[in-house]
Amino acid sequence: MTAAAPSFLARRRLRNVFCLDDFEEAARRHLPPSIMSYVVSPAETGRTLDDNRRVFDEIGFLPRVLRNVSGRSIATTLMQQSWSAPFGISPMGVSALTAFQGDRVLAQGAQSEGIPMIMSGSSLTRMEEIAKAAPRSWFQAYLPPTPERIAALVQRAANAGFGTLVITVDVAVRGSTEHHERAGFSSPLRPDLQMLWDGLTHPCWSVGTFLRSIVQGGMPHFENSDNERRIPVMARNVVREFSGRAHLDWSDIARIREQWKGRLVLKGILHPADALRAKEEGTDGVILSNHGGRQLDGAVSPVRVLPAVRQAVGAEWPVMIDSGFRRGTDVVKALALGADFVFVGRPFNYAATIAGMAGVNHATGILKKEIDMAIGLLGVENLSALSTQFLVMKEPTWVADGQR
């Protein structure tokens, strides 16, 4: 799949976007404050969100010089699949509320760039549509409350054609909603004066995304929370339908592993012992994550535990990571610490918001360029050569082997 030529409007919106942070500034102008707040939405005080960025300031580079890096490449292989770069797009719920056909835009943009996109279980687009439009996409599931419903959802993902199933495991109970509720965003959505005012003051979003979506597809629904159940975004039982995971445990993962024949990944791991247990249960890899700072406030950045996790599971087993990545140098630091792959979330949401698929392609191009530049300046020709010999740890705030 090749990327379509960007429209005049997309080119205009992208002309002053030089790094991933620029997308956020543009999205703030485009989206109503309540919607933007939901996307940003850290838990409670935002300590975890802040630590996700702070951690990269504690890692310095120690480059080598006079090395021939003219043949350098940022391509990589992950779980027997080849990708053009060592990063992909994290799962993000209700992306179709921020960008028109947001799930499709993210998936097709990722596929055109040769990187994976993980479709969210709290998306507003049927998984079958995304699997058909972008067959290399992965699917992330929020597990329903009963074994029968879990089995039905897993079977549905298999029937849709997904090759990789991602189970998010850090949502035993619902996280804090304080931040976005203060800004007027609620789940379920409530049609009130605040929503009306948001629409009137942000006409590009209200007409180009919200109303356009309703005209073409009717009221948005959560399409993938169960086998066939569809839940309107304004339904009173939205919260109840996405709750009920407090009783889930490793036995559920064992049943899914027995049923699912494709690649199985657990997302939301932080403790090295949990990563080792995931390996022992027969999963194909983990994504170290604190949910982008949206769940447990005070949870450490996954970058801090990455070396200990790598030591626990061994050198060859796939360890992926997300939460807080904004620069190519961030990605390179994680790879040097032992990660195999990195996932990036919010910036791609913002990119799709302001410029659709062209925005996703532009964001991907920025990150690819930054990674290529970083390894060249480090004196590295390929990603497999990265290691801690190129890093200096500035502060001793890391999980050690003895803390497993």
# chains A, B, ... in the order shown; residues from 1 in each chain; ligands from 1

$ select_by_dssp --residues "range 177-311 of chain A" --states "strand (DSSP E or B)" --output "list of chain:residue names"
A:His221, A:Phe222, A:Ile231, A:Pro232, A:Arg263, A:Leu264, A:Val265, A:Leu266, A:Lys267, A:Gly268, A:Ile269, A:Gly285, A:Val286, A:Ile287, A:Leu288

$ residues_around --residues "Val265 in chain A" --least-positions-apart "6" --cutoff "7 Å" --atoms "only C-alpha atoms" --output "list in words"
Leu165, Val166, Ile167, Thr283, Asp284, Gly285 and Val286 of chain A

$ residues_around --residues "Trp317 in chain A" --least-positions-apart "5" --cutoff "12 Å" --atoms "only C-alpha atoms" --output "count of residues only"
23

$ residues_around --residues "Gln108 in chain A" --least-positions-apart "5" --cutoff "10 Å" --atoms "only C-alpha atoms" --output "list in words"
Met1, Thr2, Ala3, Gly102, Asp103, Glu113, Gly114, Ile115, Pro116, Met117, Ile130, Ala133, Ala134, Pro135, Arg136, Ser137, Met357, Val360 and Asn361 of chain A

$ atom_distance --atom1 "CA of Pro42 in chain A" --atom2 "CA of Phe185 in chain A"
13.5 Å

$ closest_residue --among "A:Gln101, A:Ser387, A:Ser82, A:Asn16" --to "Ile214 in chain A" --atoms "only C-alpha atoms"
A:Gln101

$ closest_residue --among "A:Gly218, A:Gly328, A:Pro347, A:Gly71" --to "Phe87 in chain A" --atoms "only C-alpha atoms"
A:Gly328

$ residues_around --residues "Pro86 in chain A" --least-positions-apart "3" --cutoff "7 Å" --atoms "only C-alpha atoms" --output "number ranges by chain"
A: 74-76, 341-342

$ write_last_selection --atoms "N, CA and C atoms" --output "compact mmCIF listing (two decimals), in the first residue's frame"
# COMPACT_ATOMS: atom_id res chain seq x y z
N ILE A 74 17.59 1.29 9.47
CA ILE A 74 16.77 1.23 10.68
C ILE A 74 15.70 0.14 10.58
N ALA A 75 15.76 -0.69 9.56
CA ALA A 75 14.81 -1.80 9.41
C ALA A 75 15.08 -2.84 10.49
N THR A 76 14.04 -3.60 10.84
CA THR A 76 14.20 -4.59 11.90
C THR A 76 13.22 -5.74 11.70
N PHE A 341 11.56 -3.22 20.31
CA PHE A 341 10.62 -2.43 19.51
C PHE A 341 9.96 -1.42 20.43
N VAL A 342 9.51 -0.31 19.86
CA VAL A 342 8.89 0.78 20.60
C VAL A 342 7.54 1.12 19.98
